[in-house]
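Participant: Got structure.cif for you, mmCIF, C-alpha atoms:
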data_upload
#
loop_
_atom_site.label_atom_id
_atom_site.label_comp_id
_atom_site.auth_asym_id
_atom_site.auth_seq_id
_atom_site.Cartn_x
_atom_site.Cartn_y
_atom_site.Cartn_z
CA MET A 1 19.15 -8.34 1.08
CA THR A 2 17.59 -11.75 0.44
CA GLY A 3 17.77 -12.58 4.14
CA LEU A 4 15.94 -9.37 5.04
CA LEU A 5 13.21 -10.14 2.51
CA LEU A 6 12.80 -13.65 3.94
CA LYS A 7 12.61 -12.19 7.45
CA ASP A 8 9.73 -9.89 6.49
CA TRP A 9 7.99 -12.69 4.59
CA LYS A 10 8.11 -15.00 7.62
CA LEU A 11 6.80 -12.20 9.82
CA PHE A 12 3.97 -11.65 7.35
CA ARG A 13 3.10 -15.35 7.36
CA ARG A 14 2.72 -15.21 11.14
CA GLN A 15 -0.13 -12.74 10.57
CA GLY A 16 -1.91 -15.16 8.23
CA ARG A 17 -4.94 -15.59 10.49
CA TYR A 18 -5.50 -11.85 10.69
CA TYR A 19 -5.28 -11.36 6.93
CA GLY A 20 -7.53 -14.36 6.40
CA PHE A 21 -10.13 -12.49 8.46
CA VAL A 22 -9.57 -9.39 6.31
CA LEU A 23 -10.17 -11.50 3.21
CA ILE A 24 -13.41 -12.98 4.58
CA LEU A 25 -14.65 -9.55 5.67
CA ALA A 26 -13.91 -8.01 2.27
CA CYS A 27 -15.77 -10.78 0.44
CA ALA A 28 -18.75 -10.65 2.82
CA MET A 29 -19.10 -6.88 2.54
CA ALA A 30 -18.85 -7.02 -1.24
CA PHE A 31 -21.43 -9.76 -1.69
CA ILE A 32 -23.85 -8.01 0.65
CA GLY A 33 -23.39 -4.64 -1.05
CA SER A 34 -24.17 -3.36 -4.51
CA LYS A 35 -22.11 -3.58 -7.70
CA ASP A 36 -20.50 -0.19 -7.07
CA PHE A 37 -19.72 -1.14 -3.50
CA SER A 38 -17.67 -4.11 -4.75
CA SER A 39 -14.77 -1.67 -5.15
CA PHE A 40 -14.44 -2.21 -1.39
CA ILE A 41 -12.72 -5.52 -2.16
CA THR A 42 -9.86 -3.93 -4.07
CA SER A 43 -9.45 -0.75 -2.05
CA TYR A 44 -9.80 -2.31 1.41
CA MET A 45 -7.64 -5.37 0.82
CA THR A 46 -4.88 -3.43 -0.92
CA PHE A 47 -4.67 -0.88 1.88
CA MET A 48 -4.82 -3.45 4.70
CA ILE A 49 -2.02 -5.48 3.13
CA ALA A 50 0.02 -2.28 2.88
CA ILE A 51 -0.37 -1.68 6.61
CA PHE A 52 1.90 -4.66 7.28
CA SER A 53 4.73 -2.67 5.71
CA PHE A 54 4.41 -0.37 8.73
CA SER A 55 4.05 -3.25 11.19
CA SER A 56 7.31 -4.81 9.99
CA PHE A 57 9.18 -1.79 11.39
CA THR A 58 7.64 -2.46 14.80
CA TYR A 59 8.85 -6.07 14.72
CA ASP A 60 12.33 -4.92 13.72
CA GLU A 61 12.57 -2.51 16.66
CA TYR A 62 11.34 -5.03 19.22
CA GLU A 63 13.94 -5.54 22.00
CA ASP A 64 16.59 -3.44 20.21
CA GLY A 65 16.32 -5.52 17.06
CA MET A 66 17.37 -2.60 14.87
CA ALA A 67 20.79 -2.42 16.51
CA PHE A 68 21.29 -6.10 15.64
CA LEU A 69 20.04 -5.69 12.07
CA MET A 70 22.30 -2.71 11.46
CA ALA A 71 25.29 -4.75 12.66
CA LEU A 72 24.74 -7.37 9.96
CA PRO A 73 26.94 -7.34 6.80
CA SER A 74 23.92 -6.25 4.72
CA GLY A 75 24.03 -2.84 6.41
CA ARG A 76 21.66 0.12 6.27
CA ARG A 77 21.49 0.47 2.49
CA ASP A 78 20.28 -3.10 1.99
CA TYR A 79 17.83 -2.69 4.86
CA VAL A 80 16.19 0.30 3.19
CA LYS A 81 16.23 -1.40 -0.20
CA ALA A 82 14.67 -4.57 1.24
CA LYS A 83 11.84 -2.58 2.84
CA TYR A 84 10.95 -0.93 -0.47
CA VAL A 85 11.23 -4.13 -2.52
CA PHE A 86 9.17 -6.13 -0.01
CA SER A 87 6.45 -3.47 0.21
CA LEU A 88 6.20 -3.29 -3.60
CA LEU A 89 5.92 -7.08 -3.91
CA LEU A 90 3.51 -7.39 -0.98
CA ILE A 91 1.15 -4.59 -2.03
CA THR A 92 1.15 -5.63 -5.68
CA GLY A 93 0.49 -9.26 -4.72
CA GLY A 94 -2.37 -8.27 -2.41
CA TRP A 95 -3.84 -6.06 -5.12
CA ILE A 96 -3.73 -8.91 -7.66
CA VAL A 97 -5.55 -11.22 -5.23
CA ALA A 98 -8.17 -8.52 -4.63
CA VAL A 99 -8.69 -7.96 -8.37
CA ILE A 100 -9.17 -11.69 -8.92
CA LEU A 101 -11.70 -11.84 -6.08
CA ARG A 102 -13.63 -8.88 -7.44
CA PHE A 103 -13.65 -10.46 -10.90
CA GLY A 104 -15.03 -13.67 -9.38
CA PHE A 105 -17.71 -11.63 -7.61
CA PHE A 106 -18.80 -10.15 -10.94
CA LEU A 107 -18.84 -13.55 -12.61
CA ILE A 108 -21.17 -14.87 -9.91
CA ARG A 109 -23.54 -11.92 -9.57
CA TYR A 110 -23.23 -10.01 -12.85
CA SER A 111 -21.03 -10.65 -15.89
CA ALA A 112 -17.41 -10.45 -17.01
CA ALA A 113 -18.30 -7.71 -19.52
CA GLU A 114 -19.53 -5.43 -16.73
CA TYR A 115 -16.30 -5.95 -14.83
CA LEU A 116 -14.19 -5.10 -17.87
CA GLU A 117 -15.85 -1.67 -17.90
CA LEU A 118 -14.47 -1.08 -14.39
CA LEU A 119 -11.06 -2.66 -15.01
CA PRO A 120 -9.26 0.62 -15.95
CA VAL A 121 -10.04 1.98 -12.47
CA GLU A 122 -8.49 -0.96 -10.60
CA PRO A 123 -4.83 0.18 -10.94
CA VAL A 124 -5.76 3.47 -9.27
CA TYR A 125 -6.18 1.69 -5.91
CA LEU A 126 -2.75 0.12 -6.28
CA LEU A 127 -1.02 3.36 -7.26
CA MET A 128 -2.68 5.39 -4.49
CA THR A 129 -1.64 2.83 -1.89
CA LEU A 130 1.92 2.70 -3.21
CA LEU A 131 2.15 6.49 -3.15
CA TYR A 132 0.96 6.58 0.46
CA VAL A 133 3.47 3.93 1.56
CA GLU A 134 6.30 5.55 -0.38
CA CYS A 135 5.62 8.92 1.24
CA SER A 136 5.35 7.31 4.70
CA PHE A 137 8.58 5.29 4.63
CA PRO A 138 10.94 8.28 5.09
CA VAL A 139 8.92 9.27 8.18
CA LEU A 140 9.24 5.74 9.60
CA MET A 141 12.96 5.65 8.85
CA LYS A 142 13.55 8.96 10.63
CA PHE A 143 11.26 8.74 13.66
CA GLY A 144 10.94 5.00 14.19
CA ALA A 145 7.95 2.69 14.08
CA GLU A 146 5.66 4.06 16.80
CA LYS A 147 6.10 7.80 16.32
CA GLY A 148 6.48 7.47 12.53
CA ARG A 149 3.30 5.44 12.19
CA GLY A 150 1.36 8.03 14.15
CA ILE A 151 2.64 10.79 11.89
CA ALA A 152 1.85 8.73 8.78
CA PHE A 153 -1.73 7.99 9.87
CA GLY A 154 -2.16 11.60 10.97
CA GLY A 155 -1.04 12.73 7.53
CA LEU A 156 -3.52 10.35 5.92
CA ALA A 157 -6.33 11.78 8.08
CA VAL A 158 -5.38 15.34 7.09
CA ILE A 159 -5.28 14.40 3.39
CA GLY A 160 -8.64 12.64 3.65
CA ALA A 161 -10.25 15.58 5.44
CA GLY A 162 -8.78 18.02 2.94
CA ALA A 163 -10.01 15.98 -0.03
CA PHE A 164 -13.48 15.74 1.54
CA LEU A 165 -13.68 19.49 2.10
CA LEU A 166 -12.46 20.23 -1.43
CA ALA A 167 -15.00 17.79 -2.85
CA LYS A 168 -17.82 19.33 -0.82
CA SER A 169 -16.83 22.81 -1.97
CA GLY A 170 -16.74 21.67 -5.60
CA ILE A 171 -13.23 22.98 -6.21
CA ILE A 172 -11.72 19.58 -6.97
CA LEU A 173 -14.69 18.13 -8.87
CA PRO A 174 -13.43 19.36 -12.30
CA VAL A 175 -10.20 17.46 -11.67
CA PHE A 176 -12.07 14.23 -10.90
CA SER A 177 -14.29 14.76 -13.93
CA ALA A 178 -11.24 15.21 -16.17
CA ILE A 179 -9.67 12.03 -14.76
CA ASP A 180 -12.93 10.12 -15.35
CA ARG A 181 -13.03 11.30 -18.97
CA LEU A 182 -9.43 10.29 -19.52
CA ALA A 183 -10.09 6.90 -17.94
CA GLU A 184 -12.85 6.32 -20.49
CA THR A 185 -11.16 7.79 -23.58
CA ALA A 186 -7.45 7.24 -22.94
CA PRO A 187 -6.91 4.79 -20.07
CA VAL A 188 -3.44 3.66 -21.20
CA PRO A 189 -1.83 7.14 -21.34
CA LEU A 190 -3.50 8.02 -18.03
CA LEU A 191 -2.13 4.88 -16.39
CA ALA A 192 1.31 5.53 -17.88
CA GLY A 193 1.25 9.04 -16.43
CA PHE A 194 0.33 7.74 -12.98
CA LEU A 195 3.08 5.14 -13.19
CA ALA A 196 5.64 7.80 -14.14
CA VAL A 197 4.62 10.00 -11.19
CA CYS A 198 4.74 6.99 -8.86
CA ALA A 199 8.22 6.04 -10.11
CA VAL A 200 9.56 9.56 -9.56
CA ILE A 201 8.14 9.73 -6.03
CA LEU A 202 9.51 6.24 -5.32
CA ARG A 203 12.99 7.33 -6.33
CA ILE A 204 12.85 10.48 -4.19
CA SER A 205 11.37 8.58 -1.25
CA TYR A 206 14.10 5.92 -1.41
CA GLN A 207 16.91 8.47 -1.46
CA VAL A 208 15.41 10.41 1.47
CA SER A 209 14.86 7.19 3.47
CA LEU A 210 18.42 6.10 2.81
CA ARG A 211 19.79 9.43 4.04
CA PHE A 212 17.66 9.31 7.19
CA MET A 213 18.71 5.74 7.94
CA GLU A 214 22.40 6.47 7.46
CA LYS A 215 22.22 9.31 10.01
CA ARG A 216 20.06 7.49 12.55
CA GLU A 217 21.65 6.14 15.73
CA PHE A 218 20.64 2.90 17.45
#
Would you kindly transcribe this structure into structure tokens?
Facilitator:
Amino acid sequence: MTGLLLKDWKLFRRQGRYYGFVLILACAMAFIGSKDFSSFITSYMTFMIAIFSFSSFTYDEYEDGMAFLMALPSGRRDYVKAKYVFSLLLITGGWIVAVILRFGFFLIRYSAAEYLELLPVEPVYLLMTLLYVECSFPVLMKFGAEKGRGIAFGGLAVIGAGAFLLAKSGIILPVFSAIDRLAETAPVPLLAGFLAVCAVILRISYQVSLRFMEKREF
């Protein structure tokens, strides 16, 4: 599995110029915008880093690369495991960099105390991104990079449109209000609950991805 992780890491490094541009854009938008808009740093960077998890499947399938990878001693199980481990490390690392940048933004323009008030919200961006990637991986494993990515992005669009309509109708606002109150009064239990849900979905997602990959033909 180590070799598969190194492969994805080297592929990610080849995209360094692109992610450097993402970093510059996130910082520029944050410094131009207001204090509330600075959340763009964390949310945007975390999500854009996560997108590479999808791109790595495209690189693997280039010129029948999957047939070669599946013929290696590591096999299909290690391939699936490596994808999940790499995505967790990559997304968490990108989120940490984004949090540090946002903290630096507050030190320059506002104060550290004001940032600490927003700190309990920061893990939400990480967990939401992880949940999206975890739910998308089985689709990518079953349908391949191109078709699977289209389905995953289509699902994200449907979820976003549904959340917008529910918010406009006011149906989901009590839920958001309850989460905001818990974030202020009991941030640790709330975070623990989100982590537990994320861990359960991760386990289910991994098992489904493994089953799809074992049945897939190359």
Participant: What is the atom CA of A:Met128-atom CA of A:Phe12 distance in Å, reported with one decimal?
Facilitator: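 Value for the atom CA of A:Met128-atom CA of A:Phe12 distance: 21.8 Å.
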Participant: Choose the residue, out of A:Trp95, A:Arg14, A:Ile24, A:Asp64, that has the smallest atom-to-atom separation from A:Val124; count only C-alpha atoms.
Facilitator: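 Closest to A:Val124 of all the choices is A:Trp95.
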Participant: Please evaluate the PyMOL selection byres ((chain A and resi 209) around 10) against the displayed coordinates and give the resulting residues as a VMD selection string.
Facilitator: chain A and resid 77 80 to 81 84 134 to 142 203 to 208 210 to 214
Participant: Please determine, counting all atoms listed in the file, which residue among A:Phe57, A:Arg13, A:Leu101, A:Val85 has the shortest atom-to-atom distance to A:Lys147.
Facilitator: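 Using all atoms listed in the file, A:Lys147 sits closest to A:Phe57.
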Participant: For atom CA of A:Arg149 and atom CA of A:Tyr132, determine how far apart the two atoms are, in Å to one decimal place.
Facilitator: 12.0 Å
Participant: I'd like a table as CSV: residues in stretch 60-87 of chain A with an atom no more than 12 Å from stretch 47-51 of chain A, each row giving the shortest atom pair and its distance in Å to one decimal, all atoms listed in the file counted, sorted by chain and rising residue number.
Facilitator:
residue,atom,partner,partner_atom,distance
A:Lys83,CA,A:Ala50,CA,11.8
A:Tyr84,CA,A:Ala50,CA,11.5
A:Phe86,CA,A:Ala50,CA,10.3
A:Ser87,CA,A:Ala50,CA,7.1
Participant: Taking 5 positions as the minimum chain separation for residues in the same chain, which residues sit within 9 Å of A:Ile96 when counting all atoms listed in the file? Answer as a PDB file with C-alpha atoms, keeping the file's coordinate frame.
Facilitator:
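result23.pdb was written with the following content:
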ATOM      1  CA  THR A  42      -9.860  -3.930  -4.070  1.00  0.00           C
ATOM      2  CA  THR A  46      -4.880  -3.430  -0.920  1.00  0.00           C
ATOM      3  CA  ILE A  91       1.150  -4.590  -2.030  1.00  0.00           C
ATOM      4  CA  LEU A 101     -11.700 -11.840  -6.080  1.00  0.00           C
TER       5      LEU A 101
END
Participant: Report, in Å to a single decimal, how far apart atom CA of A:Val200 and atom CA of A:Glu217 are.
Facilitator: 28.2 Å
Participant: Which of these, A:Arg102, A:Arg76, A:Arg109, A:Arg216, has the shortest distance to A:Leu4 once you count all atoms listed in the file?
Facilitator: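 Of the candidates, the smallest distance to A:Leu4 is held by A:Arg76.
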